>>> print(open('final16.txt').read())   # compact mmCIF, C-alpha atoms
# COMPACT_ATOMS: atom_id res chain seq x y z
CA MET A 165 143.63 84.09 -87.93
CA ILE A 166 145.27 85.44 -91.06
CA ASN A 167 147.65 88.36 -90.74
CA LEU A 168 145.75 91.56 -91.51
CA THR A 169 146.80 95.19 -91.45
CA ASP A 170 144.38 97.67 -89.91
CA GLN A 171 143.50 98.88 -93.41
CA GLN A 172 142.74 95.36 -94.61
CA LEU A 173 140.51 94.72 -91.61
CA GLN A 174 138.75 98.04 -92.21
CA ASP A 175 138.11 97.01 -95.81
CA PHE A 176 136.49 93.76 -94.60
CA GLN A 177 134.42 95.79 -92.17
CA GLU A 178 133.20 98.23 -94.79
CA ALA A 179 132.59 95.68 -97.55
CA ILE A 180 129.68 94.07 -95.71
CA ALA A 181 126.68 95.41 -93.78
CA TRP A 182 127.41 93.31 -90.68
CA LYS A 183 124.66 92.45 -88.20
CA THR A 184 126.86 90.68 -85.61
CA GLY A 185 130.37 91.02 -84.26
CA MET A 186 133.11 88.76 -82.89
CA ARG A 187 136.47 89.55 -81.37
CA LEU A 188 139.46 88.27 -83.30
CA PRO A 189 142.32 86.41 -81.59
CA ASP A 190 144.48 89.56 -81.79
CA GLY A 191 141.87 91.60 -79.90
CA ARG A 192 140.40 93.54 -82.83
CA ILE A 193 136.76 93.14 -83.84
CA LEU A 194 135.22 91.93 -87.08
CA GLY A 195 131.60 93.03 -87.40
CA VAL A 196 129.36 95.19 -85.25
CA PRO A 197 127.41 94.77 -81.99
CA GLY A 198 124.57 92.32 -82.52
CA LYS A 199 120.84 92.71 -81.96
CA ARG A 200 121.31 92.75 -78.18
CA GLY A 201 124.24 95.14 -78.41
CA GLY A 202 126.93 92.58 -77.67
CA ILE A 203 130.17 91.42 -79.25
CA THR A 204 131.02 87.72 -78.98
CA GLU A 205 134.08 87.49 -76.75
CA ASP A 206 134.20 83.93 -75.43
CA LEU A 207 133.22 80.41 -76.41
CA ASP A 208 129.44 80.21 -76.54
CA PRO A 209 128.04 78.03 -73.69
CA ARG A 210 126.14 75.91 -76.22
CA VAL A 211 129.37 75.22 -78.08
CA GLN A 212 130.95 74.39 -74.74
CA LEU A 213 128.12 71.92 -74.18
CA VAL A 214 128.94 70.16 -77.44
CA ALA A 215 132.60 69.92 -76.46
CA LYS A 216 131.80 68.63 -72.97
CA ARG A 217 129.03 66.16 -73.71
CA LEU A 218 129.34 64.88 -77.28
CA ASN A 219 133.05 64.15 -77.89
CA PRO A 220 133.06 66.05 -81.22
CA LYS A 221 136.77 65.92 -82.11
CA ASN A 222 136.34 63.40 -84.95
CA LYS A 223 132.73 64.19 -85.80
CA THR A 224 130.83 66.21 -88.39
CA ILE A 225 128.50 68.90 -87.07
CA VAL A 226 125.70 70.40 -89.13
CA GLU A 227 124.82 73.90 -88.00
CA ILE A 228 121.20 74.84 -88.66
CA GLY A 229 121.12 78.50 -89.69
CA SER A 230 124.75 79.64 -89.62
CA CYS A 231 123.84 83.35 -89.92
CA GLU A 232 127.14 85.30 -90.06
CA GLY A 233 129.35 82.42 -88.97
CA ILE A 234 130.14 83.17 -85.32
CA HIS A 235 129.09 79.74 -84.06
CA THR A 236 130.61 78.17 -87.19
CA VAL A 237 134.06 79.44 -86.28
CA GLN A 238 133.70 78.21 -82.71
CA LEU A 239 132.34 74.80 -83.68
CA ALA A 240 135.14 74.31 -86.21
CA GLY A 241 137.61 74.59 -83.38
CA ILE A 242 136.20 71.52 -81.59
CA CYS A 243 135.17 69.14 -84.39
CA LYS A 244 136.42 67.42 -87.54
CA GLN A 245 134.12 69.36 -89.88
CA VAL A 246 131.25 71.81 -89.58
CA ILE A 247 128.68 72.31 -92.33
CA GLY A 248 126.71 75.51 -92.04
CA LEU A 249 123.22 75.55 -93.54
CA GLU A 250 121.93 79.01 -94.38
CA VAL A 251 119.08 80.22 -96.58
CA ARG A 252 120.13 83.88 -97.02
CA PRO A 253 123.00 84.53 -99.47
CA ARG A 254 123.90 87.72 -97.60
CA ASN A 255 124.53 85.75 -94.43
CA ILE A 256 126.69 83.25 -96.32
CA ILE A 257 128.84 86.11 -97.64
CA CYS A 258 129.37 87.30 -94.06
CA ALA A 259 130.08 83.79 -92.80
CA LEU A 260 132.57 83.04 -95.58
CA THR A 261 134.39 86.27 -94.77
CA ARG A 262 134.49 85.43 -91.06
CA VAL A 263 135.88 81.92 -91.51
CA PHE A 264 138.44 83.29 -93.98
CA VAL A 265 139.67 85.95 -91.57
CA HIS A 266 139.78 83.42 -88.72
CA ASP A 267 141.68 81.04 -91.06
CA VAL A 268 139.26 78.17 -90.46
CA PRO A 269 140.05 75.20 -92.77
CA ASN A 270 137.29 72.76 -91.79
CA ALA A 271 134.06 74.69 -92.39
CA ARG A 272 131.87 74.86 -95.45
CA PHE A 273 128.47 76.35 -96.17
CA VAL A 274 125.44 75.10 -98.06
CA ILE A 275 122.67 77.41 -99.22
CA ARG A 276 119.66 75.43 -98.09
CA ASP A 277 116.30 76.00 -96.48
CA VAL A 278 116.61 73.85 -93.36
CA ARG A 279 113.11 72.53 -93.99
CA SER A 280 114.46 70.61 -96.98
CA LEU A 281 117.37 69.03 -95.13
CA ASP A 282 117.84 65.39 -96.09
CA ALA A 283 120.49 62.68 -96.36
CA SER A 284 122.06 64.34 -99.41
CA ILE A 285 124.00 66.59 -97.04
CA GLY A 286 126.15 63.55 -96.14
CA PRO A 287 126.81 61.71 -92.88
CA ILE A 288 125.99 63.80 -89.80
CA ASP A 289 127.03 63.11 -86.22
CA ILE A 290 125.69 66.17 -84.41
CA VAL A 291 123.06 68.78 -85.27
CA PHE A 292 123.70 72.20 -83.70
CA HIS A 293 120.27 73.82 -83.72
CA VAL A 294 120.29 77.26 -82.08
CA GLY A 295 117.73 80.01 -82.59
CA VAL A 296 115.96 78.56 -85.62
CA LEU A 297 113.22 76.12 -84.61
CA TYR A 298 110.84 78.88 -83.50
CA HIS A 299 111.11 80.45 -86.97
CA LEU A 300 109.65 77.39 -88.73
CA THR A 301 106.04 76.87 -89.76
CA ASP A 302 106.20 73.13 -89.03
CA PRO A 303 108.77 72.28 -86.36
CA VAL A 304 107.18 68.84 -85.94
CA SER A 305 108.03 67.39 -89.35
CA HIS A 306 111.40 69.16 -89.21
CA LEU A 307 112.47 67.48 -85.95
CA MET A 308 111.11 64.12 -87.04
CA ARG A 309 113.25 64.35 -90.18
CA LEU A 310 116.33 65.40 -88.21
CA ALA A 311 116.02 62.37 -85.97
CA THR A 312 116.59 60.11 -88.99
CA LEU A 313 119.79 61.96 -89.93
CA ALA A 314 121.76 62.49 -86.72
CA PRO A 315 121.97 60.71 -83.36
CA ASP A 316 122.78 63.85 -81.35
CA LEU A 317 120.93 67.16 -81.25
CA VAL A 318 121.75 70.36 -79.40
CA LEU A 319 118.57 72.43 -79.44
CA ASP A 320 118.08 75.96 -78.13
CA THR A 321 114.67 77.44 -78.90
CA HIS A 322 111.79 79.53 -77.64
CA TYR A 323 108.54 77.79 -76.73
CA ALA A 324 104.95 78.92 -76.23
CA SER A 325 103.06 79.34 -72.98
CA ASP A 326 99.42 79.90 -72.07
CA ALA A 327 100.27 83.54 -71.30
CA LEU A 328 101.06 84.35 -74.93
CA PRO A 329 97.96 85.89 -76.59
CA TRP A 330 98.62 84.31 -79.98
CA PRO A 331 96.37 82.09 -82.12
CA PRO A 332 96.55 78.39 -81.25
CA VAL A 333 97.64 75.78 -83.76
CA VAL A 334 97.79 71.98 -83.83
CA LEU A 335 100.42 70.23 -85.94
CA PRO A 336 99.86 66.57 -86.91
CA TRP A 337 102.36 63.75 -87.32
CA GLY A 338 100.82 60.37 -87.97
CA GLN A 339 98.38 59.70 -85.14
CA GLN A 340 100.00 62.33 -82.90
CA ARG A 341 99.02 65.97 -82.49
CA TYR A 342 101.25 68.71 -81.07
CA ARG A 343 99.91 72.01 -79.76
CA GLY A 344 101.50 75.38 -80.22
CA LYS A 345 100.83 79.01 -81.08
CA VAL A 346 101.29 81.10 -84.21
CA TYR A 347 103.97 83.79 -84.13
CA ARG A 348 104.15 86.56 -86.73
CA GLU A 349 107.54 86.81 -88.45
CA ALA A 350 109.24 89.87 -89.95
CA GLY A 351 110.14 88.12 -93.21
CA TRP A 352 113.04 87.68 -95.58
CA HIS A 353 114.71 91.08 -95.19
CA ASP A 354 115.18 90.73 -91.43
CA SER A 355 118.34 88.66 -90.92
CA PHE A 356 117.13 87.47 -87.53
CA SER A 357 113.68 86.42 -88.70
CA GLY A 358 112.14 83.43 -90.40
CA VAL A 359 111.53 83.51 -94.12
CA ASP A 360 107.76 82.99 -93.90
CA ALA A 361 105.05 85.32 -92.64
CA ALA A 362 104.39 83.21 -89.56
CA ALA A 363 105.92 80.42 -87.49
CA CYS A 364 104.80 77.93 -84.86
CA TRP A 365 106.07 77.94 -81.30
CA LEU A 366 105.28 74.62 -79.65
CA ASP A 367 104.18 74.45 -76.04
CA ARG A 368 107.07 73.39 -73.80
CA ALA A 369 105.51 70.08 -72.78
CA GLU A 370 104.57 69.36 -76.39
CA LEU A 371 108.10 70.12 -77.58
CA LEU A 372 109.57 67.71 -75.02
CA ARG A 373 107.01 65.06 -76.01
CA LEU A 374 107.88 65.57 -79.67
CA LEU A 375 111.61 65.13 -79.00
CA ALA A 376 110.88 61.91 -77.12
CA ASP A 377 108.60 60.68 -79.92
CA ALA A 378 111.37 61.44 -82.42
CA GLY A 379 113.73 59.23 -80.45
CA TYR A 380 115.93 61.78 -78.69
CA ALA A 381 116.67 60.84 -75.10
>>> encode(input="final16.txt", output="structure tokens")
Amino acid sequence: MINLTDQQLQDFQEAIAWKTGMRLPDGRILGVPGKRGGITEDLDPRVQLVAKRLNPKNKTIVEIGSCEGIHTVQLAGICKQVIGLEVRPRNIICALTRVFVHDVPNARFVIRDVRSLDASIGPIDIVFHVGVLYHLTDPVSHLMRLATLAPDLVLDTHYASDALPWPPVVLPWGQQRYRGKVYREAGWHDSFSGVDAAACWLDRAELLRLLADAGYA
């Protein structure tokens, strides 16, 4: 990390309305407790999974929904380059501040709705997809598109079950149909929400079938 006085760190704290927090290498904290009241202390287990399974040292990782940059900082420590995709400018401001304070040289951010992700982003080796899929209105077309861009996908998402009393929905792709349920979102001004009024959570079995149909083993 860069060398900061307590006053400089306080200025970074007060300049932004943080929604998440992460401990710095020197033990101080940048940000605030997150939505579950926690501060990120250690390497996220999903980042550990990337390091253990996907040999990322010389690879480019695209992070879907970088939020305030906590995973970005951690991913940058294990790969050649990380590209954070984020739709909310406020989150990008937070993420840029975090990677600056952590002195991360191999991360950049793109303001992009992940639903419009295409080959223009450049060569991708790994997609790090955590906490975003269940905010999308059409996760089917999104995952099918991802499968044409990157060979490896780390996906962490909610899925629907019969117990959820939400309206059913069927999403088409070619001759296939994938069942799910409609979830009401909080909208643009909630940093932890999708940008649309509603999203689709696929049934677990349907999600696994979709991943197989997309070509992910």
>>> residues_around(input="final16.txt", residues="Arg200 in chain A", least_positions_apart="3", cutoff="10 Å", atoms="all atoms listed in the file", output="PyMOL selection string")
chain A and resi 184+197+203
>>> closest_atom_pairs(input="final16.txt", of="range 227-305 of chain A", to="range 358-370 of chain A", cutoff="8 Å", atoms="all atoms listed in the file", output="JSON lines")
{"residue": "A:Val296", "atom": "CA", "partner": "A:Gly358", "partner_atom": "CA", "distance": 7.8}
{"residue": "A:Tyr298", "atom": "CA", "partner": "A:Trp365", "partner_atom": "CA", "distance": 5.3}
{"residue": "A:His299", "atom": "CA", "partner": "A:Gly358", "partner_atom": "CA", "distance": 4.7}
{"residue": "A:Leu300", "atom": "CA", "partner": "A:Ala363", "partner_atom": "CA", "distance": 5.0}
{"residue": "A:Thr301", "atom": "CA", "partner": "A:Ala363", "partner_atom": "CA", "distance": 4.2}
{"residue": "A:Asp302", "atom": "CA", "partner": "A:Cys364", "partner_atom": "CA", "distance": 6.5}
{"residue": "A:Pro303", "atom": "CA", "partner": "A:Cys364", "partner_atom": "CA", "distance": 7.1}
>>> residues_around(input="final16.txt", residues="Leu375 in chain A", least_positions_apart="4", cutoff="12 Å", atoms="only C-alpha atoms", output="PyMOL selection string")
chain A and resi 303-311+316-319+342+366+368-371+379-381
>>> residues_around(input="final16.txt", residues="Lys223 in chain A", least_positions_apart="2", cutoff="9 Å", atoms="all atoms listed in the file", output="mmCIF file with C-alpha atoms, in the frame of the given file")
data_model
loop_
_atom_site.group_PDB
_atom_site.id
_atom_site.type_symbol
_atom_site.label_atom_id
_atom_site.label_comp_id
_atom_site.auth_asym_id
_atom_site.auth_seq_id
_atom_site.Cartn_x
_atom_site.Cartn_y
_atom_site.Cartn_z
ATOM 1 C CA ASN A 219 133.050 64.150 -77.890
ATOM 2 C CA PRO A 220 133.060 66.050 -81.220
ATOM 3 C CA LYS A 221 136.770 65.920 -82.110
ATOM 4 C CA ILE A 225 128.500 68.900 -87.070
ATOM 5 C CA CYS A 243 135.170 69.140 -84.390
ATOM 6 C CA LYS A 244 136.420 67.420 -87.540
ATOM 7 C CA GLN A 245 134.120 69.360 -89.880
ATOM 8 C CA VAL A 246 131.250 71.810 -89.580
ATOM 9 C CA ILE A 288 125.990 63.800 -89.800
ATOM 10 C CA ASP A 289 127.030 63.110 -86.220
ATOM 11 C CA ILE A 290 125.690 66.170 -84.410
#
>>> closest_residue(input="final16.txt", among="A:Leu239, A:Leu313, A:Leu249, A:Val268", to="Val214 in chain A", atoms="all atoms listed in the file")
A:Leu239
>>> residues_around(input="final16.txt", residues="Val333 in chain A", least_positions_apart="6", cutoff="7 Å", atoms="only C-alpha atoms", output="PyMOL selection string")
chain A and resi 343-346
>>> closest_residue(input="final16.txt", among="A:Met165, A:Val251, A:Ala240, A:Ile256", to="Asn222 in chain A", atoms="only C-alpha atoms")
A:Ala240
>>> residues_around(input="final16.txt", residues="Pro253 in chain A", least_positions_apart="3", cutoff="10 Å", atoms="all atoms listed in the file", output="PyMOL selection string")
chain A and resi 231+250+256-259+274-276
